[in-house]
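K.L.:
Coordinates in query24.txt, compact mmCIF, C-alpha atoms and all ligand atoms, are listed below.
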# COMPACT_ATOMS: atom_id res chain seq x y z
CA MET A 20 0.00 0.00 0.00
CA ALA A 21 2.72 2.42 1.03
CA ARG A 22 4.65 1.47 -2.08
CA THR A 23 1.76 2.37 -4.34
CA LYS A 24 1.38 5.69 -2.58
CA HIS A 25 5.05 6.40 -3.06
CA SER A 26 5.09 5.64 -6.78
CA ASP A 27 1.93 7.71 -7.22
CA ARG A 28 3.72 10.63 -5.71
CA ALA A 29 6.77 10.08 -7.90
CA ALA A 30 4.53 9.97 -10.96
CA SER A 31 2.94 13.24 -9.97
CA ARG A 32 6.23 15.11 -10.00
CA ARG A 33 6.07 17.43 -12.97
CA PRO A 34 8.80 17.62 -15.61
CA VAL A 35 10.78 20.81 -16.17
CA LYS A 36 8.43 23.74 -16.08
CA THR A 37 8.35 25.91 -19.19
CA ASP A 38 6.23 28.83 -20.27
CA GLU A 39 4.63 26.70 -22.97
CA PRO A 40 1.45 24.85 -22.09
CA SER A 41 2.49 21.24 -21.44
CA LEU A 42 -0.34 19.75 -23.49
CA GLY A 43 -1.84 20.62 -26.84
CA GLY A 44 -2.99 19.11 -30.09
CA PHE A 45 -6.17 17.45 -28.84
CA ARG A 46 -8.30 19.26 -31.41
CA GLU A 47 -6.23 17.98 -34.31
CA ALA A 48 -6.12 14.48 -32.86
CA LEU A 49 -9.83 14.12 -32.13
CA ARG A 50 -11.52 16.15 -34.85
CA VAL A 51 -14.03 14.47 -37.13
CA GLY A 52 -12.79 14.91 -40.70
CA ALA A 53 -14.17 13.97 -44.11
CA ASP A 54 -13.18 10.29 -44.02
CA PHE A 55 -14.11 9.71 -40.37
CA ALA A 56 -15.47 6.28 -39.38
CA LEU A 57 -16.79 5.85 -35.85
CA SER A 58 -16.21 2.09 -36.07
CA ASP A 59 -12.45 2.76 -36.48
CA VAL A 60 -12.20 4.54 -33.13
CA ASP A 61 -10.64 2.55 -30.29
CA THR A 62 -12.90 3.45 -27.37
CA HIS A 63 -10.19 2.34 -24.95
CA GLY A 64 -7.51 4.52 -26.56
CA THR A 65 -5.89 7.70 -25.24
CA PRO A 66 -5.09 9.65 -28.45
CA ASN A 67 -2.59 12.48 -28.15
CA TYR A 68 -1.71 11.47 -24.57
CA ASP A 69 1.16 9.26 -23.41
CA GLY A 70 0.51 9.32 -19.69
CA GLY A 71 -1.47 6.92 -17.56
CA LYS A 72 -4.33 7.38 -15.15
CA GLN A 73 -2.35 9.12 -12.41
CA ASP A 74 -0.75 11.49 -14.92
CA GLY A 75 -4.13 12.20 -16.45
CA LYS A 76 -5.72 13.05 -13.13
CA ARG A 77 -2.78 15.27 -12.25
CA ASP A 78 -2.88 17.08 -15.59
CA LEU A 79 -6.62 17.60 -15.24
CA GLY A 80 -6.05 19.25 -11.88
CA THR A 81 -3.10 21.31 -13.10
CA ALA A 82 -5.08 22.82 -15.97
CA GLU A 83 -7.95 23.96 -13.74
CA ALA A 84 -6.23 27.23 -12.87
CA GLU A 85 -5.78 28.17 -16.51
CA GLN A 86 -9.35 27.16 -17.31
CA SER A 87 -10.66 29.31 -14.47
CA ASP A 88 -8.54 32.26 -15.53
CA LEU A 89 -9.67 32.10 -19.16
CA LEU A 90 -13.34 31.72 -18.26
CA GLU A 91 -13.07 34.66 -15.89
CA ARG A 92 -11.57 36.73 -18.71
CA LEU A 93 -14.45 35.68 -20.96
CA TYR A 94 -16.90 36.90 -18.36
CA ALA A 95 -14.88 40.07 -17.67
CA GLU A 96 -14.79 41.16 -21.31
CA SER A 97 -18.58 40.82 -21.49
CA THR A 98 -18.94 43.41 -18.72
CA ALA A 99 -17.17 45.79 -21.10
CA GLY A 100 -19.59 45.02 -23.92
CA ALA A 101 -17.98 42.06 -25.67
CA LYS A 102 -20.52 39.61 -27.07
CA ARG A 103 -18.52 36.40 -27.06
CA ALA A 104 -19.52 33.12 -25.42
CA VAL A 105 -18.58 29.43 -25.65
CA LEU A 106 -20.93 26.48 -25.99
CA LEU A 107 -19.75 22.99 -25.07
CA VAL A 108 -22.06 20.30 -26.45
CA VAL A 109 -21.63 16.87 -24.85
CA GLN A 110 -23.27 13.86 -26.48
CA GLY A 111 -22.85 10.15 -25.84
CA MET A 112 -24.66 6.94 -25.10
CA ASP A 113 -25.92 6.28 -21.58
CA THR A 114 -23.05 5.83 -19.09
CA SER A 115 -20.58 7.43 -21.52
CA GLY A 116 -19.51 9.86 -18.80
CA LYS A 117 -21.47 13.02 -19.59
CA GLY A 118 -22.24 13.52 -15.91
CA GLY A 119 -18.59 13.05 -14.98
CA VAL A 120 -17.58 15.74 -17.46
CA MET A 121 -20.10 18.07 -15.82
CA ARG A 122 -18.75 17.32 -12.34
CA HIS A 123 -15.04 17.26 -13.11
CA VAL A 124 -14.54 19.68 -15.98
CA VAL A 125 -17.42 22.10 -15.90
CA ALA A 126 -17.98 22.39 -12.14
CA VAL A 127 -14.57 24.05 -11.79
CA ASN A 128 -16.27 27.36 -12.56
CA PRO A 129 -19.76 27.48 -11.09
CA GLU A 130 -20.06 31.15 -11.95
CA GLY A 131 -20.57 32.05 -15.55
CA ILE A 132 -21.80 28.57 -16.46
CA LYS A 133 -25.15 27.93 -18.04
CA ALA A 134 -25.67 24.17 -17.97
CA THR A 135 -28.68 22.40 -19.46
CA ALA A 136 -29.51 18.68 -19.55
CA PHE A 137 -31.90 17.85 -22.37
CA LYS A 138 -34.43 15.12 -21.64
CA ALA A 139 -37.32 13.79 -23.71
CA PRO A 140 -39.20 16.93 -24.81
CA THR A 141 -42.18 18.15 -22.82
CA GLU A 142 -45.54 18.70 -24.50
CA GLU A 143 -44.80 22.39 -24.71
CA GLU A 144 -41.43 21.75 -26.30
CA LEU A 145 -42.94 19.28 -28.77
CA ALA A 146 -45.41 21.94 -29.86
CA HIS A 147 -42.47 23.99 -31.17
CA ASP A 148 -39.71 23.48 -33.70
CA PHE A 149 -36.98 21.15 -32.33
CA LEU A 150 -34.53 24.05 -31.97
CA TRP A 151 -36.89 26.11 -29.82
CA ARG A 152 -35.71 24.75 -26.48
CA ILE A 153 -32.11 24.81 -27.69
CA ARG A 154 -32.21 28.52 -28.54
CA LYS A 155 -33.58 29.29 -25.08
CA ALA A 156 -30.64 27.48 -23.49
CA LEU A 157 -27.86 29.21 -25.43
CA PRO A 158 -25.24 30.97 -23.28
CA MET A 159 -25.33 34.73 -22.91
CA ALA A 160 -22.26 36.86 -23.64
CA GLY A 161 -19.47 35.97 -21.22
CA GLN A 162 -20.89 32.58 -20.32
CA LEU A 163 -19.81 29.02 -20.93
CA GLY A 164 -22.92 27.14 -21.99
CA VAL A 165 -22.87 23.39 -21.50
CA PHE A 166 -25.32 20.98 -23.06
CA ASP A 167 -25.70 17.49 -21.57
CA ARG A 168 -27.36 16.05 -24.71
CA SER A 169 -28.59 18.58 -27.23
CA HIS A 170 -30.37 19.21 -30.52
CA TYR A 171 -28.48 16.16 -31.79
CA GLU A 172 -30.96 13.95 -29.94
CA ASP A 173 -33.34 15.03 -32.69
CA VAL A 174 -31.26 13.12 -35.23
CA LEU A 175 -30.17 10.33 -32.82
CA VAL A 176 -32.90 8.90 -30.58
CA VAL A 177 -35.50 10.40 -32.92
CA ARG A 178 -33.97 8.66 -35.94
CA VAL A 179 -33.41 5.33 -34.16
CA HIS A 180 -36.99 5.23 -32.85
CA ASP A 181 -38.70 6.84 -35.86
CA LEU A 182 -40.19 9.47 -33.56
CA VAL A 183 -40.77 11.62 -36.64
CA PRO A 184 -40.89 10.42 -40.26
CA GLU A 185 -37.60 10.11 -42.15
CA GLU A 186 -38.60 12.98 -44.49
CA GLU A 187 -38.51 15.16 -41.42
CA TRP A 188 -35.41 14.03 -39.54
CA SER A 189 -33.37 13.75 -42.73
CA THR A 190 -33.66 17.51 -43.32
CA ARG A 191 -32.48 18.32 -39.81
CA TYR A 192 -28.75 17.94 -40.50
CA GLU A 193 -28.88 20.95 -42.81
CA THR A 194 -31.10 22.81 -40.37
CA ILE A 195 -28.61 22.13 -37.59
CA ASN A 196 -25.65 23.29 -39.69
CA ALA A 197 -27.43 26.53 -40.55
CA PHE A 198 -28.44 27.06 -36.93
CA GLU A 199 -24.92 26.48 -35.62
CA ARG A 200 -23.51 28.81 -38.27
CA GLU A 201 -25.88 31.49 -37.01
CA VAL A 202 -24.86 30.89 -33.38
CA VAL A 203 -21.17 31.09 -34.30
CA ASP A 204 -21.73 34.27 -36.30
CA SER A 205 -23.36 35.83 -33.26
CA GLY A 206 -20.10 35.37 -31.33
CA THR A 207 -20.45 31.96 -29.67
CA THR A 208 -17.70 29.43 -30.25
CA ILE A 209 -19.09 25.90 -30.35
CA VAL A 210 -17.20 22.81 -29.17
CA LYS A 211 -19.05 19.54 -29.84
CA VAL A 212 -17.86 16.40 -28.13
CA MET A 213 -19.06 12.84 -28.46
CA LEU A 214 -17.99 10.60 -25.60
CA HIS A 215 -17.56 7.23 -27.28
CA VAL A 216 -17.88 4.14 -25.08
CA SER A 217 -17.99 0.54 -26.20
CA SER A 218 -21.09 -1.57 -25.72
CA ALA A 219 -19.13 -3.87 -23.38
CA GLU A 220 -18.01 -0.96 -21.22
CA GLN A 221 -21.57 0.35 -21.07
CA LYS A 222 -22.75 -3.07 -19.88
CA GLU A 223 -20.25 -2.96 -17.01
CA ARG A 224 -21.25 0.55 -16.05
CA LEU A 225 -24.94 -0.28 -16.10
CA MET A 226 -24.24 -3.37 -13.97
CA GLU A 227 -22.39 -1.16 -11.52
CA ARG A 228 -25.43 1.10 -11.33
CA LEU A 229 -27.47 -1.95 -10.36
CA ASP A 230 -24.89 -3.03 -7.79
CA ARG A 231 -24.78 0.31 -5.98
CA PRO A 232 -27.70 1.96 -4.20
CA ASP A 233 -25.99 5.33 -4.66
CA LYS A 234 -26.22 4.80 -8.44
CA TYR A 235 -29.77 3.49 -8.73
CA TYR A 236 -31.00 6.97 -9.48
CA LYS A 237 -29.02 7.00 -12.73
CA TYR A 238 -30.50 3.69 -13.88
CA ASN A 239 -33.51 3.47 -16.12
CA PRO A 240 -34.91 0.05 -17.14
CA GLY A 241 -35.24 1.44 -20.66
CA ASP A 242 -31.43 1.62 -20.86
CA VAL A 243 -31.32 -2.16 -21.38
CA ASP A 244 -33.80 -1.95 -24.27
CA GLU A 245 -31.74 0.81 -25.85
CA ARG A 246 -28.71 -1.52 -25.86
CA LYS A 247 -30.53 -3.69 -28.39
CA ARG A 248 -30.43 -0.74 -30.75
CA TRP A 249 -26.72 -0.12 -30.33
CA HIS A 250 -26.01 -0.60 -34.01
CA GLY A 251 -28.77 1.81 -34.99
CA TYR A 252 -27.38 4.39 -32.60
CA MET A 253 -23.87 4.02 -34.00
CA GLU A 254 -25.26 4.54 -37.52
CA ALA A 255 -27.13 7.62 -36.36
CA TYR A 256 -24.00 8.97 -34.63
CA GLN A 257 -21.89 8.29 -37.72
CA ALA A 258 -24.35 10.31 -39.82
CA ALA A 259 -24.61 13.19 -37.35
CA LEU A 260 -20.85 13.37 -36.83
CA THR A 261 -19.97 13.43 -40.51
CA LYS A 262 -22.84 15.57 -41.80
CA CYS A 263 -22.49 18.15 -39.03
CA SER A 264 -18.73 18.43 -38.48
CA THR A 265 -18.34 21.82 -40.14
CA ASP A 266 -15.56 24.40 -40.10
CA ALA A 267 -17.86 26.63 -38.08
CA ALA A 268 -18.66 23.93 -35.52
CA PRO A 269 -16.50 20.80 -35.75
CA TRP A 270 -17.20 17.55 -33.93
CA TYR A 271 -14.63 15.84 -31.73
CA VAL A 272 -14.89 12.16 -30.80
CA VAL A 273 -13.35 11.30 -27.44
CA PRO A 274 -12.67 7.65 -26.57
CA ALA A 275 -14.49 7.25 -23.27
CA ASP A 276 -13.85 3.76 -21.91
CA ARG A 277 -11.28 5.36 -19.61
CA LYS A 278 -13.09 8.06 -17.69
CA TRP A 279 -9.92 9.88 -16.65
CA TYR A 280 -8.88 10.25 -20.31
CA ALA A 281 -12.29 11.43 -21.47
CA ARG A 282 -12.38 14.13 -18.80
CA LEU A 283 -8.86 15.29 -19.58
CA ALA A 284 -9.56 15.35 -23.33
CA VAL A 285 -12.75 17.39 -22.97
CA GLN A 286 -10.98 19.81 -20.67
CA GLN A 287 -8.13 20.21 -23.15
CA LEU A 288 -10.50 20.69 -26.10
CA LEU A 289 -12.17 23.47 -24.13
CA LEU A 290 -8.83 24.98 -23.08
CA GLU A 291 -7.42 24.98 -26.59
CA THR A 292 -10.55 26.77 -27.75
CA LEU A 293 -10.34 29.37 -24.98
CA ARG A 294 -6.63 29.98 -25.62
CA ASP A 295 -7.39 30.74 -29.26
CA MET A 296 -9.82 33.46 -28.27
CA ASP A 297 -7.09 35.87 -27.07
CA LEU A 298 -9.04 36.73 -23.97
CA THR A 299 -7.71 39.88 -22.33
CA TRP A 300 -8.79 41.77 -19.25
CA PRO A 301 -10.93 44.76 -20.16
CA ALA A 302 -9.40 48.18 -19.61
CA ALA A 303 -10.80 50.25 -16.75
CA ASP A 304 -13.66 52.48 -17.82
CA PHE A 305 -12.70 54.92 -15.06
CA ASP A 306 -9.60 56.97 -14.24
CA VAL A 307 -7.54 54.59 -12.08
CA ALA A 308 -5.25 57.27 -10.63
CA ALA A 309 -8.18 59.53 -9.79
CA GLU A 310 -10.01 56.66 -8.12
CA LYS A 311 -6.90 55.77 -6.08
CA ALA A 312 -6.68 59.35 -4.88
CA ARG A 313 -10.38 59.44 -4.03
CA LEU A 314 -10.13 56.15 -2.16
CA ALA A 315 -7.01 57.20 -0.25
CA ALA A 316 -8.79 60.33 0.92
CA THR A 317 -11.55 58.32 2.63
P1 LIG B 1 -30.47 10.92 -19.43
O1 LIG B 1 -29.56 11.87 -20.16
O2 LIG B 1 -29.83 9.61 -19.18
O3 LIG B 1 -31.06 11.54 -18.20
O4 LIG B 1 -31.69 10.58 -20.41
C1 LIG B 1 -32.38 11.56 -21.09
C2 LIG B 1 -33.24 10.86 -22.10
O5 LIG B 1 -33.94 11.84 -22.85
C3 LIG B 1 -32.46 10.02 -23.09
O6 LIG B 1 -33.04 8.76 -23.23
C4 LIG B 1 -32.58 10.81 -24.37
O7 LIG B 1 -32.53 10.03 -25.53
C5 LIG B 1 -33.94 11.48 -24.19
N1 LIG B 1 -34.08 12.64 -25.07
C6 LIG B 1 -33.34 13.76 -25.06
N2 LIG B 1 -33.71 14.58 -26.06
C7 LIG B 1 -34.70 13.96 -26.73
C8 LIG B 1 -35.48 14.28 -27.87
N3 LIG B 1 -35.32 15.43 -28.53
N4 LIG B 1 -36.42 13.40 -28.26
C9 LIG B 1 -36.59 12.24 -27.59
N5 LIG B 1 -35.88 11.87 -26.52
C10 LIG B 1 -34.95 12.71 -26.10
MG MG B 2 -29.66 7.75 -18.59
Could I get this structure in the form of structure tokens?

P.N.:
Amino acid sequence: MARTKHSDRAASRRPVKTDEPSLGGFREALRVGADFALSDVDTHGTPNYDGGKQDGKRDLGTAEAEQSDLLERLYAESTAGAKRAVLLVVQGMDTSGKGGVMRHVVAVNPEGIKATAFKAPTEEELAHDFLWRIRKALPMAGQLGVFDRSHYEDVLVVRVHDLVPEEEWSTRYETINAFEREVVDSGTTIVKVMLHVSSAEQKERLMERLDRPDKYYKYNPGDVDERKRWHGYMEAYQAALTKCSTDAAPWYVVPADRKWYARLAVQQLLLETLRDMDLTWPAADFDVAAEKARLAAT
């Protein structure tokens, strides 16, 4: 036991510190391109990362400070009138780790987050166009919006279960691309992530939910029936990923059989996006010297 502890600590010692960010390249490694095939993805893999579980957990923790700083800058610039926001869309089969991403990556910054979990639509939502509830959940300027499931359900579960006729769902890919283009043009950077688990891994995770009273609440008997449609879901994902991975809003597929890797990869995808935004602190809209003098005089 003590031995394990010791080697854990040794593994957590960081290499030489430089000014360069220690990680990078996750977007290139995980992006869905023209010839993408979901069936080629090794769900157990750790693309673009050489470390193991302990390294991954350490790197996740190390990057939290930078993530917080960048998100605070995003919020700060909005107080000076900037209109930018970021939207992180997280999709994946049941047990793929969407909740874990919310708890471990997103929860780092409770302020400035607008998180929404999309369930089966209510009657009111069904009475509107499928993007109606999505538009209402978009982040405001300065916010990080996070979708746990999204408008993609309307070409995933809806397609697999024929909840609307094919003539209808088949036009939605174009509708989604146009919608996302509009969101991006309004100043919101979109990061779309599919957490990709294997069917075998899902079976283990569902079994664990049945073995643990503290996980019963996540279990739904319907999850077992959905497993019978695994192939249909993978086909629907393949279509959504390839038809809707655009320059404006690319898709990233994250192997998710190892939870620690999936969390690190999503965090890094978000970080790389934030770094690219050149987020700077807004200048004071008051005379700093005059304010100092006024304050000193009190
Ligand atoms: P969970 O995320 O495990 O709490 O489950 C939410 C459920 O809502 C999943 O079974 C989704 O497939 C379902 N859901 C989400 N959006 C839609 C939609 N637009 N149409 C039908 N079902 C949906
Ligand atoms: Mg569920």

K.L.:
Write out as a ChimeraX atom specification the residues lying within 12 Å of Val127 (chain A), counting all atoms listed in the file and excluding same-chain residues fewer than 2 positions away.

P.N.:
/A:79-91,120-125,129-132,163,286

K.L.:
Could you check how far CA of Leu145 (chain A) sits from atom N3 of ligand LIG 1 (chain B), in Å to one decimal?

P.N.:
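Between CA of Leu145 (chain A) and atom N3 of ligand LIG 1 (chain B) the gap works out to 8.5 Å.
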
K.L.:
List the neighbours of Pro158 (chain A) out to 9 Å using only C-alpha atoms; skip same-chain residues closer than 3 positions along the sequence, and give me the result as a PyMOL selection string.

P.N.:
chain A and resi 104-106+132-134+155+161-165+207

K.L.:
Write out, as CSV, each residue of chain A that has an atom at most 9 Å from ligand LIG 1 (chain B), together with the closest pair of atoms and their distance in Å to one decimal, counting all atoms listed in the file, rows going by chain and rising number.

P.N.:
residue,atom,partner,partner_atom,distance
A:Gly111,CA,B:LIG1,O1,9.0
A:Met112,CA,B:LIG1,O2,8.3
A:Asp113,CA,B:LIG1,O2,5.7
A:Thr114,CA,B:LIG1,O2,7.8
A:Lys117,CA,B:LIG1,O1,8.2
A:Gly118,CA,B:LIG1,O1,8.6
A:Ala136,CA,B:LIG1,O1,6.8
A:Phe137,CA,B:LIG1,C6,5.1
A:Lys138,CA,B:LIG1,O5,3.5
A:Ala139,CA,B:LIG1,C10,3.5
A:Pro140,CA,B:LIG1,C8,5.5
A:Leu145,CA,B:LIG1,N3,8.5
A:Phe149,CA,B:LIG1,N3,7.1
A:Asp167,CA,B:LIG1,O1,7.0
A:Arg168,CA,B:LIG1,C6,6.4
A:Ser169,CA,B:LIG1,N2,6.6
A:His170,CA,B:LIG1,N3,6.5
A:Tyr171,CA,B:LIG1,N3,7.6
A:Glu172,CA,B:LIG1,N2,4.8
A:Asp173,CA,B:LIG1,N3,4.6
A:Val174,CA,B:LIG1,N3,8.2
A:Leu175,CA,B:LIG1,O7,7.7
A:Val176,CA,B:LIG1,O7,5.2
A:Val177,CA,B:LIG1,N4,5.6
A:His180,CA,B:LIG1,C9,8.8
A:Leu182,CA,B:LIG1,C9,7.5
A:Lys237,CA,B:LIG1,O2,7.0
A:Tyr238,CA,B:LIG1,O2,8.0
A:Asn239,CA,B:LIG1,O2,7.8
A:Gly241,CA,B:LIG1,O6,8.1
A:Asp242,CA,B:LIG1,O6,7.7
A:Glu245,CA,B:LIG1,O6,8.5

K.L.:
Quick one: residues within 9 Å of region 295-309 of chain A, only C-alpha atoms, excluding same-chain residues fewer than 4 positions away - as a PDB file with C-alpha atoms, keeping the file's coordinate frame?

P.N.:
ATOM      1  CA  LEU A  89      -9.670  32.100 -19.160  1.00  0.00           C
ATOM      2  CA  LEU A  90     -13.340  31.720 -18.260  1.00  0.00           C
ATOM      3  CA  GLU A  91     -13.070  34.660 -15.890  1.00  0.00           C
ATOM      4  CA  ARG A  92     -11.570  36.730 -18.710  1.00  0.00           C
ATOM      5  CA  LEU A  93     -14.450  35.680 -20.960  1.00  0.00           C
ATOM      6  CA  ALA A  95     -14.880  40.070 -17.670  1.00  0.00           C
ATOM      7  CA  GLU A  96     -14.790  41.160 -21.310  1.00  0.00           C
ATOM      8  CA  SER A  97     -18.580  40.820 -21.490  1.00  0.00           C
ATOM      9  CA  THR A  98     -18.940  43.410 -18.720  1.00  0.00           C
ATOM     10  CA  ALA A  99     -17.170  45.790 -21.100  1.00  0.00           C
ATOM     11  CA  LEU A 290      -8.830  24.980 -23.080  1.00  0.00           C
ATOM     12  CA  GLU A 291      -7.420  24.980 -26.590  1.00  0.00           C
ATOM     13  CA  ARG A 313     -10.380  59.440  -4.030  1.00  0.00           C
ATOM     14  CA  LEU A 314     -10.130  56.150  -2.160  1.00  0.00           C
TER      15      LEU A 314
END

K.L.:
With all atoms listed in the file as the atoms that count, which of A:Gly75, A:Gly116, A:Pro269, A:Gly251 lies nearest to ligand MG 2 (chain B)?

P.N.:
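Nearest to ligand MG 2 (chain B): A:Gly116.
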
K.L.:
As an exercise, work out the distance from CA of Asn67 (chain A) to CA of Ser115 (chain A) in Å and give it to one decimal place.

P.N.:
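These two atoms are separated by 19.8 Å.
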
K.L.:
Would you mind telling me which residue in A:His63, A:Arg231, A:Arg46, A:Arg246 lies nearest to ligand MG 2 (chain B) when using all atoms listed in the file?

P.N.:
A:Arg246

K.L.:
Please compute the CA of Lys76 (chain A)-CA of Ala284 (chain A) distance, one decimal, in Å.

P.N.:
11.1 Å

K.L.:
Write out as a VMD selection string the residues lying within 9 Å of Leu42 (chain A), counting only C-alpha atoms and excluding same-chain residues fewer than 6 positions away.

P.N.:
chain A and resid 67 to 68 78 287

K.L.:
For C-alpha atoms, I'd like the residues from the last selection saved as a compact mmCIF listing (two decimals), keeping the file's coordinate frame.

P.N.:
# COMPACT_ATOMS: atom_id res chain seq x y z
CA ASN A 67 -2.59 12.48 -28.15
CA TYR A 68 -1.71 11.47 -24.57
CA ASP A 78 -2.88 17.08 -15.59
CA GLN A 287 -8.13 20.21 -23.15

K.L.:
Between A:Ala160, A:Val212, A:Leu57, A:Leu150, which one has atoms that come closest to Leu289 (chain A), using only C-alpha atoms?

P.N.:
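Between A:Ala160, A:Val212, A:Leu57, A:Leu150, the residue approaching Leu289 (chain A) most closely is A:Val212.
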
K.L.:
Just the residues within 9 Å of Met213 (chain A), please, counting all atoms listed in the file, with nothing from its chain fewer than 3 positions along; format it as a list in words.

P.N.:
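So, after excluding close chain neighbours, the residues are Val108, Val109, Gln110, Gly111, Met112, Ser115, Tyr256, Leu260, Trp270, Tyr271, Val272, Val273, Pro274 and Ala275 of chain A.
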